[in-house]
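S.K.: One structure, as C-alpha coordinates, below. Some questions next.
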Amino acid sequence: MTGRVNGKIALVTGGGSGLGAADCLALAREGATVIVTDVAFDAAQRVATRIGNGAIAMALDVSSEAAWQAVIADVDQRFGHLDILVNNAGIVQMADCEDVTLEQFRRVNAIMNEGVFLGCKYALPLLKRAENASIINMSSTGALLGYPIFFAYSAAKGAVRSMTKSIAVMCQDKGYRIRCNSVHPGAIETPMVQEAEGRIGTERPVASGVLPAGEKGAPEDVANIVLFLASDESRFVNGAEFVIDNALTIRAW
(Lines give C-alpha, C1' and ligand atoms only; values in the text may rest on other atoms or scores of the structure.)
Protein backbone atom coordinates (compact mmCIF):
# COMPACT_ATOMS: atom_id res chain seq x y z
CA MET A 1 0.00 0.00 0.00
CA THR A 2 1.32 3.44 -0.92
CA GLY A 3 0.10 6.99 -0.52
CA ARG A 4 -1.58 6.27 2.82
CA VAL A 5 -1.32 9.93 3.88
CA ASN A 6 -0.97 11.41 0.41
CA GLY A 7 -1.53 15.16 0.31
CA LYS A 8 -1.71 15.57 4.08
CA ILE A 9 0.26 18.17 6.04
CA ALA A 10 1.99 16.73 9.12
CA LEU A 11 3.84 18.45 11.96
CA VAL A 12 6.12 16.31 14.15
CA THR A 13 7.79 17.59 17.31
CA GLY A 14 11.16 16.23 18.34
CA GLY A 15 11.58 15.19 14.73
CA GLY A 16 15.34 15.57 14.64
CA SER A 17 16.18 12.14 16.04
CA GLY A 18 14.87 8.88 17.44
CA LEU A 19 11.16 8.18 17.26
CA GLY A 20 10.40 11.61 15.82
CA ALA A 21 12.76 11.17 12.90
CA ALA A 22 11.31 7.72 12.18
CA ASP A 23 7.81 9.21 12.25
CA CYS A 24 8.81 11.95 9.82
CA LEU A 25 10.37 9.47 7.39
CA ALA A 26 7.37 7.13 7.49
CA LEU A 27 4.84 9.92 6.94
CA ALA A 28 6.86 11.40 4.09
CA ARG A 29 7.29 7.99 2.46
CA GLU A 30 3.52 7.63 2.33
CA GLY A 31 2.88 11.02 0.76
CA ALA A 32 2.64 13.59 3.55
CA THR A 33 4.33 16.98 3.48
CA VAL A 34 6.25 16.90 6.76
CA ILE A 35 7.14 19.81 9.00
CA VAL A 36 10.09 18.56 11.06
CA THR A 37 10.38 20.51 14.30
CA ASP A 38 12.97 20.20 17.01
CA VAL A 39 14.59 22.42 19.61
CA ALA A 40 17.83 21.51 17.80
CA PHE A 41 17.22 23.10 14.40
CA ASP A 42 20.29 21.52 12.80
CA ALA A 43 18.95 18.05 13.63
CA ALA A 44 15.55 18.94 12.19
CA GLN A 45 17.22 20.29 9.06
CA ARG A 46 19.17 17.07 8.54
CA VAL A 47 15.97 15.02 8.66
CA ALA A 48 14.15 17.43 6.34
CA THR A 49 17.05 17.31 3.88
CA ARG A 50 17.06 13.54 4.00
CA ILE A 51 13.34 13.50 3.20
CA GLY A 52 13.38 16.14 0.47
CA ASN A 53 10.03 16.39 -1.34
CA GLY A 54 9.03 19.67 0.28
CA ALA A 55 9.84 18.74 3.88
CA ILE A 56 10.37 21.80 6.07
CA ALA A 57 12.54 22.15 9.18
CA MET A 58 11.51 24.54 11.96
CA ALA A 59 13.03 25.28 15.35
CA LEU A 60 10.55 24.63 18.15
CA ASP A 61 10.96 24.58 21.92
CA VAL A 62 7.71 22.80 22.77
CA SER A 63 7.74 24.19 26.32
CA SER A 64 7.45 27.76 24.96
CA GLU A 65 3.99 29.16 24.27
CA ALA A 66 5.46 31.90 22.09
CA ALA A 67 7.41 29.36 20.04
CA TRP A 68 4.27 27.30 19.41
CA GLN A 69 2.36 30.41 18.37
CA ALA A 70 5.11 31.37 15.92
CA VAL A 71 5.35 27.91 14.35
CA ILE A 72 1.59 27.56 13.98
CA ALA A 73 1.39 31.03 12.41
CA ASP A 74 4.08 29.96 9.93
CA VAL A 75 2.23 26.74 9.09
CA ASP A 76 -0.99 28.70 8.66
CA GLN A 77 0.68 31.10 6.24
CA ARG A 78 2.28 28.30 4.21
CA PHE A 79 -0.55 25.77 4.11
CA GLY A 80 -3.70 27.20 5.69
CA HIS A 81 -4.44 24.00 7.59
CA LEU A 82 -2.90 20.99 9.31
CA ASP A 83 -3.93 17.35 8.96
CA ILE A 84 -1.61 15.53 11.36
CA LEU A 85 0.00 16.58 14.63
CA VAL A 86 2.50 14.21 16.26
CA ASN A 87 3.42 15.40 19.76
CA ASN A 88 6.61 13.40 20.18
CA ALA A 89 9.24 15.65 21.80
CA GLY A 90 10.55 14.44 25.13
CA ILE A 91 13.44 14.08 27.56
CA VAL A 92 14.25 11.64 30.32
CA GLN A 93 15.40 12.33 33.88
CA MET A 94 16.58 9.36 35.91
CA ALA A 95 15.58 9.95 39.53
CA ASP A 96 12.91 8.61 41.87
CA CYS A 97 10.47 10.69 43.93
CA GLU A 98 12.96 11.13 46.78
CA ASP A 99 15.85 12.21 44.59
CA VAL A 100 14.31 14.26 41.79
CA THR A 101 14.49 18.01 42.32
CA LEU A 102 11.57 20.34 41.76
CA GLU A 103 13.52 22.01 38.96
CA GLN A 104 14.07 18.66 37.23
CA PHE A 105 10.44 17.65 37.67
CA ARG A 106 9.21 20.94 36.23
CA ARG A 107 11.56 20.75 33.24
CA VAL A 108 10.47 17.24 32.29
CA ASN A 109 6.81 18.16 32.63
CA ALA A 110 7.27 21.46 30.79
CA ILE A 111 8.45 19.56 27.72
CA MET A 112 6.23 16.47 27.71
CA ASN A 113 3.15 17.59 29.63
CA GLU A 114 2.86 21.30 28.88
CA GLY A 115 4.40 20.75 25.43
CA VAL A 116 1.59 18.41 24.43
CA PHE A 117 -1.02 20.77 25.89
CA LEU A 118 0.38 23.73 23.97
CA GLY A 119 0.70 21.73 20.77
CA CYS A 120 -2.91 20.60 20.89
CA LYS A 121 -4.22 24.00 21.96
CA TYR A 122 -2.52 26.01 19.24
CA ALA A 123 -2.78 23.46 16.45
CA LEU A 124 -6.52 22.88 16.90
CA PRO A 125 -7.58 25.90 14.80
CA LEU A 126 -5.57 24.56 11.84
CA LEU A 127 -6.64 20.96 12.43
CA LYS A 128 -10.30 22.03 12.42
CA ARG A 129 -9.87 23.18 8.82
CA ALA A 130 -8.81 19.70 7.67
CA GLU A 131 -11.28 17.21 6.26
CA ASN A 132 -10.11 14.42 8.59
CA ALA A 133 -7.41 15.33 11.11
CA SER A 134 -5.42 13.24 13.57
CA ILE A 135 -3.52 14.10 16.75
CA ILE A 136 -1.04 11.46 17.89
CA ASN A 137 0.43 11.97 21.35
CA MET A 138 3.53 10.03 22.33
CA SER A 139 3.07 8.60 25.81
CA SER A 140 4.92 5.58 27.20
CA THR A 141 4.60 2.36 29.13
CA GLY A 142 5.77 4.68 31.92
CA ALA A 143 2.15 5.89 32.06
CA LEU A 144 0.96 2.33 32.68
CA LEU A 145 3.58 0.79 35.00
CA GLY A 146 5.52 1.72 38.12
CA TYR A 147 8.96 2.99 37.06
CA PRO A 148 10.42 4.58 40.24
CA ILE A 149 13.64 5.70 38.55
CA PHE A 150 11.68 7.57 35.87
CA PHE A 151 9.35 9.37 38.27
CA ALA A 152 9.05 12.74 36.48
CA TYR A 153 8.98 11.11 33.05
CA SER A 154 6.18 8.75 34.08
CA ALA A 155 4.21 11.60 35.62
CA ALA A 156 4.39 13.56 32.37
CA LYS A 157 3.50 10.56 30.23
CA GLY A 158 0.53 9.81 32.48
CA ALA A 159 -0.72 13.33 31.87
CA VAL A 160 -0.32 12.82 28.12
CA ARG A 161 -2.48 9.68 28.35
CA SER A 162 -5.33 11.44 30.14
CA MET A 163 -5.14 14.62 28.03
CA THR A 164 -5.45 12.49 24.91
CA LYS A 165 -8.76 11.05 26.04
CA SER A 166 -10.13 14.45 27.07
CA ILE A 167 -9.21 15.96 23.70
CA ALA A 168 -10.73 13.03 21.79
CA VAL A 169 -14.07 13.43 23.56
CA MET A 170 -14.01 17.23 23.34
CA CYS A 171 -13.43 17.17 19.58
CA GLN A 172 -16.18 14.63 19.08
CA ASP A 173 -18.65 16.54 21.24
CA LYS A 174 -17.91 19.81 19.43
CA GLY A 175 -18.26 18.22 16.01
CA TYR A 176 -14.61 18.63 15.01
CA ARG A 177 -13.35 16.13 12.46
CA ILE A 178 -10.30 15.44 14.61
CA ARG A 179 -9.28 12.17 16.26
CA CYS A 180 -6.79 11.98 19.13
CA ASN A 181 -4.92 8.84 20.21
CA SER A 182 -1.88 8.03 22.33
CA VAL A 183 1.04 5.72 21.63
CA HIS A 184 2.83 3.92 24.48
CA PRO A 185 6.21 2.48 23.48
CA GLY A 186 8.27 0.28 25.73
CA ALA A 187 12.04 0.09 25.31
CA ILE A 188 12.94 1.27 21.81
CA GLU A 189 16.49 1.64 20.49
CA THR A 190 16.71 5.45 20.41
CA PRO A 191 19.24 8.07 21.55
CA MET A 192 17.07 8.69 24.64
CA VAL A 193 17.31 5.03 25.66
CA GLN A 194 21.03 5.01 24.87
CA GLU A 195 21.44 8.02 27.17
CA ALA A 196 19.48 6.35 29.96
CA GLU A 197 21.69 3.29 29.65
CA GLY A 198 24.90 5.33 29.54
CA ARG A 199 25.87 4.41 26.00
CA ILE A 200 25.33 7.56 23.92
CA GLY A 201 26.06 6.98 20.25
CA THR A 202 26.29 3.20 20.67
CA GLU A 203 23.46 1.83 18.58
CA ARG A 204 22.53 -1.82 18.89
CA PRO A 205 20.91 -3.42 15.84
CA VAL A 206 17.37 -4.68 16.32
CA ALA A 207 16.70 -8.19 15.06
CA SER A 208 14.00 -8.82 12.48
CA GLY A 209 10.91 -10.94 13.03
CA VAL A 210 9.19 -11.72 16.33
CA LEU A 211 11.40 -10.68 19.24
CA PRO A 212 11.96 -12.54 22.51
CA ALA A 213 11.11 -10.94 25.84
CA GLY A 214 13.43 -8.17 26.91
CA GLU A 215 14.55 -7.18 23.41
CA LYS A 216 14.28 -3.54 22.36
CA GLY A 217 12.17 -2.50 19.42
CA ALA A 218 13.18 -0.27 16.51
CA PRO A 219 11.93 3.29 15.98
CA GLU A 220 10.17 2.01 12.85
CA ASP A 221 8.01 -0.24 15.04
CA VAL A 222 6.51 2.89 16.58
CA ALA A 223 6.46 4.86 13.32
CA ASN A 224 4.31 2.16 11.71
CA ILE A 225 1.63 2.71 14.36
CA VAL A 226 1.91 6.49 14.01
CA LEU A 227 1.44 6.12 10.26
CA PHE A 228 -1.70 4.03 10.76
CA LEU A 229 -3.16 6.55 13.21
CA ALA A 230 -2.32 9.43 10.86
CA SER A 231 -4.08 7.78 7.95
CA ASP A 232 -7.79 7.55 7.25
CA GLU A 233 -7.49 3.78 7.72
CA SER A 234 -7.89 4.46 11.45
CA ARG A 235 -11.02 6.60 11.12
CA PHE A 236 -12.86 4.56 13.79
CA VAL A 237 -9.96 4.72 16.25
CA ASN A 238 -10.39 7.61 18.68
CA GLY A 239 -9.28 8.16 22.27
CA ALA A 240 -7.41 4.87 22.24
CA GLU A 241 -3.98 3.95 23.56
CA PHE A 242 -1.61 1.79 21.54
CA VAL A 243 0.92 -0.13 23.61
CA ILE A 244 4.04 -1.10 21.64
CA ASP A 245 6.10 -3.05 24.14
CA ASN A 246 6.48 -6.70 23.04
CA ALA A 247 4.18 -7.88 25.89
CA LEU A 248 6.11 -6.04 28.64
CA THR A 249 3.03 -4.62 30.39
CA ILE A 250 1.13 -7.92 30.51
CA ARG A 251 3.88 -10.01 32.10
CA ALA A 252 3.48 -11.13 35.72
CA TRP A 253 7.04 -10.14 36.62
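Going through the C-alpha coordinates in order, the chains are called A, B, and so on, while each chain numbers its residues from 1 and the ligands are numbered from 1 in the order shown.
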Near segment 79-84 of chain A, within 9 Å and counting only C-alpha atoms, which residues show up once chain neighbours fewer than 2 positions away are dropped, as number ranges by chain?

M.R.: A: 8-12, 74-77, 86, 123-136, 178, 230-231

S.K.: Determine which residues of segment 10-237 of chain A DSSP labels as alpha helix (DSSP H) from the backbone of this structure, then write them out as a PyMOL selection string.

M.R.: chain A and resi 18-29+41-51+65-79+102-109+115-127+151-173+191-196+219-230

S.K.: Fewer than 4 positions away in the same chain doesn't count, so skip those; otherwise give me all residues within 10 Å of Asn53 of chain A, counting only C-alpha atoms, as a JSON list (two decimals) with N, CA and C atoms, in the first residue's frame.

M.R.:
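Saved as out.json:
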[["chain", "number", "residue", "atom", "x", "y", "z"],
["A", 28, "ALA", "N", 6.42, 10.88, 5.39],
["A", 28, "ALA", "CA", 6.86, 11.40, 4.09],
["A", 28, "ALA", "C", 6.83, 10.31, 3.03],
["A", 29, "ARG", "N", 7.27, 9.12, 3.40],
["A", 29, "ARG", "CA", 7.29, 7.99, 2.46],
["A", 29, "ARG", "C", 5.90, 7.69, 1.91],
["A", 31, "GLY", "N", 3.49, 9.92, 1.49],
["A", 31, "GLY", "CA", 2.88, 11.02, 0.76],
["A", 31, "GLY", "C", 2.61, 12.30, 1.50],
["A", 32, "ALA", "N", 2.90, 12.37, 2.80],
["A", 32, "ALA", "CA", 2.64, 13.59, 3.55],
["A", 32, "ALA", "C", 3.74, 14.63, 3.32],
["A", 33, "THR", "N", 3.36, 15.90, 3.38],
["A", 33, "THR", "CA", 4.33, 16.98, 3.48],
["A", 33, "THR", "C", 4.63, 17.15, 4.96],
["A", 34, "VAL", "N", 5.89, 16.97, 5.34],
["A", 34, "VAL", "CA", 6.25, 16.90, 6.76],
["A", 34, "VAL", "C", 6.96, 18.16, 7.21],
["A", 48, "ALA", "N", 14.89, 16.84, 7.46],
["A", 48, "ALA", "CA", 14.15, 17.43, 6.34],
["A", 48, "ALA", "C", 14.91, 17.28, 5.03],
["A", 49, "THR", "N", 16.23, 17.47, 5.07],
["A", 49, "THR", "CA", 17.05, 17.31, 3.88],
["A", 49, "THR", "C", 17.04, 15.86, 3.41]]

S.K.: Among segment 18-224 of chain A, which ones does DSSP place in strand (DSSP E or B), written as a ChimeraX atom specification?

M.R.: /A:33-38,56-59,84-87,95,133-138,150,178-185,188,217

S.K.: Which residues are near Tyr153 of chain A? Cut-off 12 Å, only C-alpha atoms, ignore same chain within fewer than 5 positions. Put them as a PDB file with N, CA and C atoms, in the first residue's frame.

M.R.:
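Everything below was put into out38.pdb:
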ATOM      1  N   GLY A  90      10.449  14.842  23.731  1.00  0.00           N
ATOM      2  CA  GLY A  90      10.550  14.435  25.126  1.00  0.00           C
ATOM      3  C   GLY A  90      11.990  14.357  25.604  1.00  0.00           C
ATOM      4  N   ILE A  91      12.137  14.292  26.924  1.00  0.00           N
ATOM      5  CA  ILE A  91      13.437  14.077  27.559  1.00  0.00           C
ATOM      6  C   ILE A  91      13.237  13.087  28.692  1.00  0.00           C
ATOM      7  N   VAL A  92      14.335  12.574  29.200  1.00  0.00           N
ATOM      8  CA  VAL A  92      14.250  11.642  30.323  1.00  0.00           C
ATOM      9  C   VAL A  92      15.124  12.152  31.457  1.00  0.00           C
ATOM     10  N   GLN A  93      14.648  11.971  32.682  1.00  0.00           N
ATOM     11  CA  GLN A  93      15.401  12.332  33.881  1.00  0.00           C
ATOM     12  C   GLN A  93      15.374  11.129  34.814  1.00  0.00           C
ATOM     13  N   MET A  94      16.525  10.552  35.063  1.00  0.00           N
ATOM     14  CA  MET A  94      16.578   9.359  35.909  1.00  0.00           C
ATOM     15  C   MET A  94      16.714   9.763  37.373  1.00  0.00           C
ATOM     16  N   ALA A  95      15.602   9.654  38.088  1.00  0.00           N
ATOM     17  CA  ALA A  95      15.578   9.947  39.526  1.00  0.00           C
ATOM     18  C   ALA A  95      14.220   9.529  40.058  1.00  0.00           C
ATOM     19  N   ASP A  96      14.203   8.981  41.279  1.00  0.00           N
ATOM     20  CA  ASP A  96      12.909   8.614  41.865  1.00  0.00           C
ATOM     21  C   ASP A  96      12.322   9.806  42.620  1.00  0.00           C
ATOM     22  N   CYS A  97      11.186   9.587  43.273  1.00  0.00           N
ATOM     23  CA  CYS A  97      10.471  10.691  43.926  1.00  0.00           C
ATOM     24  C   CYS A  97      11.311  11.347  45.012  1.00  0.00           C
ATOM     25  N   VAL A 100      14.528  13.262  42.832  1.00  0.00           N
ATOM     26  CA  VAL A 100      14.313  14.258  41.785  1.00  0.00           C
ATOM     27  C   VAL A 100      14.113  15.629  42.423  1.00  0.00           C
ATOM     28  N   GLN A 104      14.059  19.756  38.187  1.00  0.00           N
ATOM     29  CA  GLN A 104      14.074  18.659  37.226  1.00  0.00           C
ATOM     30  C   GLN A 104      12.654  18.212  36.883  1.00  0.00           C
ATOM     31  N   PHE A 105      11.819  18.073  37.886  1.00  0.00           N
ATOM     32  CA  PHE A 105      10.440  17.647  37.670  1.00  0.00           C
ATOM     33  C   PHE A 105       9.710  18.634  36.763  1.00  0.00           C
ATOM     34  N   ARG A 106       9.884  19.910  37.031  1.00  0.00           N
ATOM     35  CA  ARG A 106       9.208  20.939  36.234  1.00  0.00           C
ATOM     36  C   ARG A 106       9.725  20.951  34.800  1.00  0.00           C
ATOM     37  N   ARG A 107      11.009  20.746  34.606  1.00  0.00           N
ATOM     38  CA  ARG A 107      11.563  20.754  33.245  1.00  0.00           C
ATOM     39  C   ARG A 107      11.006  19.593  32.420  1.00  0.00           C
ATOM     40  N   VAL A 108      11.008  18.401  32.997  1.00  0.00           N
ATOM     41  CA  VAL A 108      10.470  17.237  32.285  1.00  0.00           C
ATOM     42  C   VAL A 108       9.010  17.457  31.933  1.00  0.00           C
ATOM     43  N   ASN A 109       8.234  17.962  32.875  1.00  0.00           N
ATOM     44  CA  ASN A 109       6.810  18.159  32.626  1.00  0.00           C
ATOM     45  C   ASN A 109       6.537  19.347  31.709  1.00  0.00           C
ATOM     46  N   ALA A 110       7.429  20.334  31.712  1.00  0.00           N
ATOM     47  CA  ALA A 110       7.266  21.457  30.788  1.00  0.00           C
ATOM     48  C   ALA A 110       7.360  20.995  29.348  1.00  0.00           C
ATOM     49  N   ILE A 111       8.250  20.039  29.093  1.00  0.00           N
ATOM     50  CA  ILE A 111       8.454  19.561  27.718  1.00  0.00           C
ATOM     51  C   ILE A 111       7.385  18.560  27.301  1.00  0.00           C
ATOM     52  N   MET A 112       7.112  17.565  28.146  1.00  0.00           N
ATOM     53  CA  MET A 112       6.234  16.473  27.714  1.00  0.00           C
ATOM     54  C   MET A 112       4.790  16.623  28.150  1.00  0.00           C
ATOM     55  N   ASN A 113       4.522  17.365  29.190  1.00  0.00           N
ATOM     56  CA  ASN A 113       3.147  17.588  29.633  1.00  0.00           C
ATOM     57  C   ASN A 113       2.642  18.905  29.046  1.00  0.00           C
ATOM     58  N   SER A 139       2.989   8.884  24.375  1.00  0.00           N
ATOM     59  CA  SER A 139       3.070   8.602  25.806  1.00  0.00           C
ATOM     60  C   SER A 139       4.132   7.524  25.999  1.00  0.00           C
ATOM     61  N   SER A 140       3.903   6.574  26.883  1.00  0.00           N
ATOM     62  CA  SER A 140       4.921   5.577  27.196  1.00  0.00           C
ATOM     63  C   SER A 140       4.309   4.489  28.068  1.00  0.00           C
ATOM     64  N   THR A 141       4.978   3.356  28.128  1.00  0.00           N
ATOM     65  CA  THR A 141       4.600   2.361  29.132  1.00  0.00           C
ATOM     66  C   THR A 141       4.825   2.918  30.538  1.00  0.00           C
ATOM     67  N   GLY A 142       5.594   4.005  30.639  1.00  0.00           N
ATOM     68  CA  GLY A 142       5.766   4.681  31.923  1.00  0.00           C
ATOM     69  C   GLY A 142       4.466   5.225  32.475  1.00  0.00           C
ATOM     70  N   ALA A 143       3.466   5.429  31.613  1.00  0.00           N
ATOM     71  CA  ALA A 143       2.147   5.890  32.058  1.00  0.00           C
ATOM     72  C   ALA A 143       1.294   4.736  32.574  1.00  0.00           C
ATOM     73  N   LEU A 144       1.755   3.508  32.373  1.00  0.00           N
ATOM     74  CA  LEU A 144       0.956   2.328  32.684  1.00  0.00           C
ATOM     75  C   LEU A 144       1.565   1.459  33.779  1.00  0.00           C
ATOM     76  N   LEU A 145       2.858   1.627  34.048  1.00  0.00           N
ATOM     77  CA  LEU A 145       3.581   0.791  35.004  1.00  0.00           C
ATOM     78  C   LEU A 145       4.265   1.658  36.056  1.00  0.00           C
ATOM     79  N   GLY A 146       4.744   1.014  37.105  1.00  0.00           N
ATOM     80  CA  GLY A 146       5.516   1.721  38.121  1.00  0.00           C
ATOM     81  C   GLY A 146       6.997   1.702  37.794  1.00  0.00           C
ATOM     82  N   TYR A 147       7.536   2.852  37.363  1.00  0.00           N
ATOM     83  CA  TYR A 147       8.963   2.988  37.065  1.00  0.00           C
ATOM     84  C   TYR A 147       9.558   4.014  38.039  1.00  0.00           C
ATOM     85  N   PRO A 148       9.950   3.605  39.244  1.00  0.00           N
ATOM     86  CA  PRO A 148      10.419   4.580  40.239  1.00  0.00           C
ATOM     87  C   PRO A 148      11.537   5.484  39.744  1.00  0.00           C
ATOM     88  N   GLY A 158       1.877  10.064  31.988  1.00  0.00           N
ATOM     89  CA  GLY A 158       0.528   9.809  32.482  1.00  0.00           C
ATOM     90  C   GLY A 158      -0.413  10.949  32.144  1.00  0.00           C
ATOM     91  N   ALA A 159       0.089  12.162  32.242  1.00  0.00           N
ATOM     92  CA  ALA A 159      -0.716  13.329  31.874  1.00  0.00           C
ATOM     93  C   ALA A 159      -1.048  13.319  30.389  1.00  0.00           C
ATOM     94  N   VAL A 160      -0.078  12.918  29.562  1.00  0.00           N
ATOM     95  CA  VAL A 160      -0.324  12.825  28.117  1.00  0.00           C
ATOM     96  C   VAL A 160      -1.454  11.827  27.838  1.00  0.00           C
ATOM     97  N   MET A 192      17.518   8.479  23.269  1.00  0.00           N
ATOM     98  CA  MET A 192      17.074   8.686  24.645  1.00  0.00           C
ATOM     99  C   MET A 192      17.339   7.443  25.499  1.00  0.00           C
ATOM    100  N   ALA A 196      19.895   6.913  28.669  1.00  0.00           N
ATOM    101  CA  ALA A 196      19.484   6.352  29.957  1.00  0.00           C
ATOM    102  C   ALA A 196      20.356   5.174  30.357  1.00  0.00           C
TER     103      ALA A 196
END

S.K.: With only C-alpha atoms as the counted atoms, please give the residues lying no more than 10 Å from segment 236-251 of chain A, apart from itself and same-chain residues fewer than 3 positions off, as number ranges by chain.

M.R.: A: 134-142, 144-145, 161-169, 172, 178-188, 210-217, 221-222, 225-226, 228-229, 232-233

S.K.: State, in Å with one decimal place, the distance from atom CA of Leu25 of chain A to atom CA of Val5 of chain A.

M.R.: 12.2 Å

S.K.: Which of these, A:Ala152, A:Ala66, A:Cys171, A:Val36, has the shortest distance to Arg50 of chain A once you count only C-alpha atoms?

M.R.: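 With only C-alpha atoms as the atom set, the closest residue is A:Val36.
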
S.K.: When you draw a straight line from atom CA of Ile149 of chain A to atom CA of Phe117 of chain A, how long is it in Å?

M.R.: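 So the two atoms, atom CA of Ile149 of chain A and atom CA of Phe117 of chain A, lie 24.5 Å apart.
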
S.K.: Would you mind telling me which residue in A:Asn6, A:Ala21, A:Leu60, A:Glu103 lies nearest to Thr190 of chain A when using only C-alpha atoms?

M.R.: A:Ala21

S.K.: Go through A:Arg46, A:Lys174, A:Arg235, A:Lys121 and flag the residue nearest Ile72 of chain A, using only C-alpha atoms for the distances.

M.R.: A:Lys121

S.K.: Could you state the separation of atom CA of Gly18 of chain A and atom CA of Glu220 of chain A in Å, given to one decimal place?

M.R.: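 We find that atom CA of Gly18 of chain A and atom CA of Glu220 of chain A lie 9.5 Å from each other.
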
S.K.: Would you pick out the contacts of Glu65 of chain A at 10 Å or less, using only C-alpha atoms, so that residues sharing its chain but fewer than 6 positions from it are not included, and give the list as a ChimeraX atom specification?

M.R.: /A:114-115,117-119,121-122
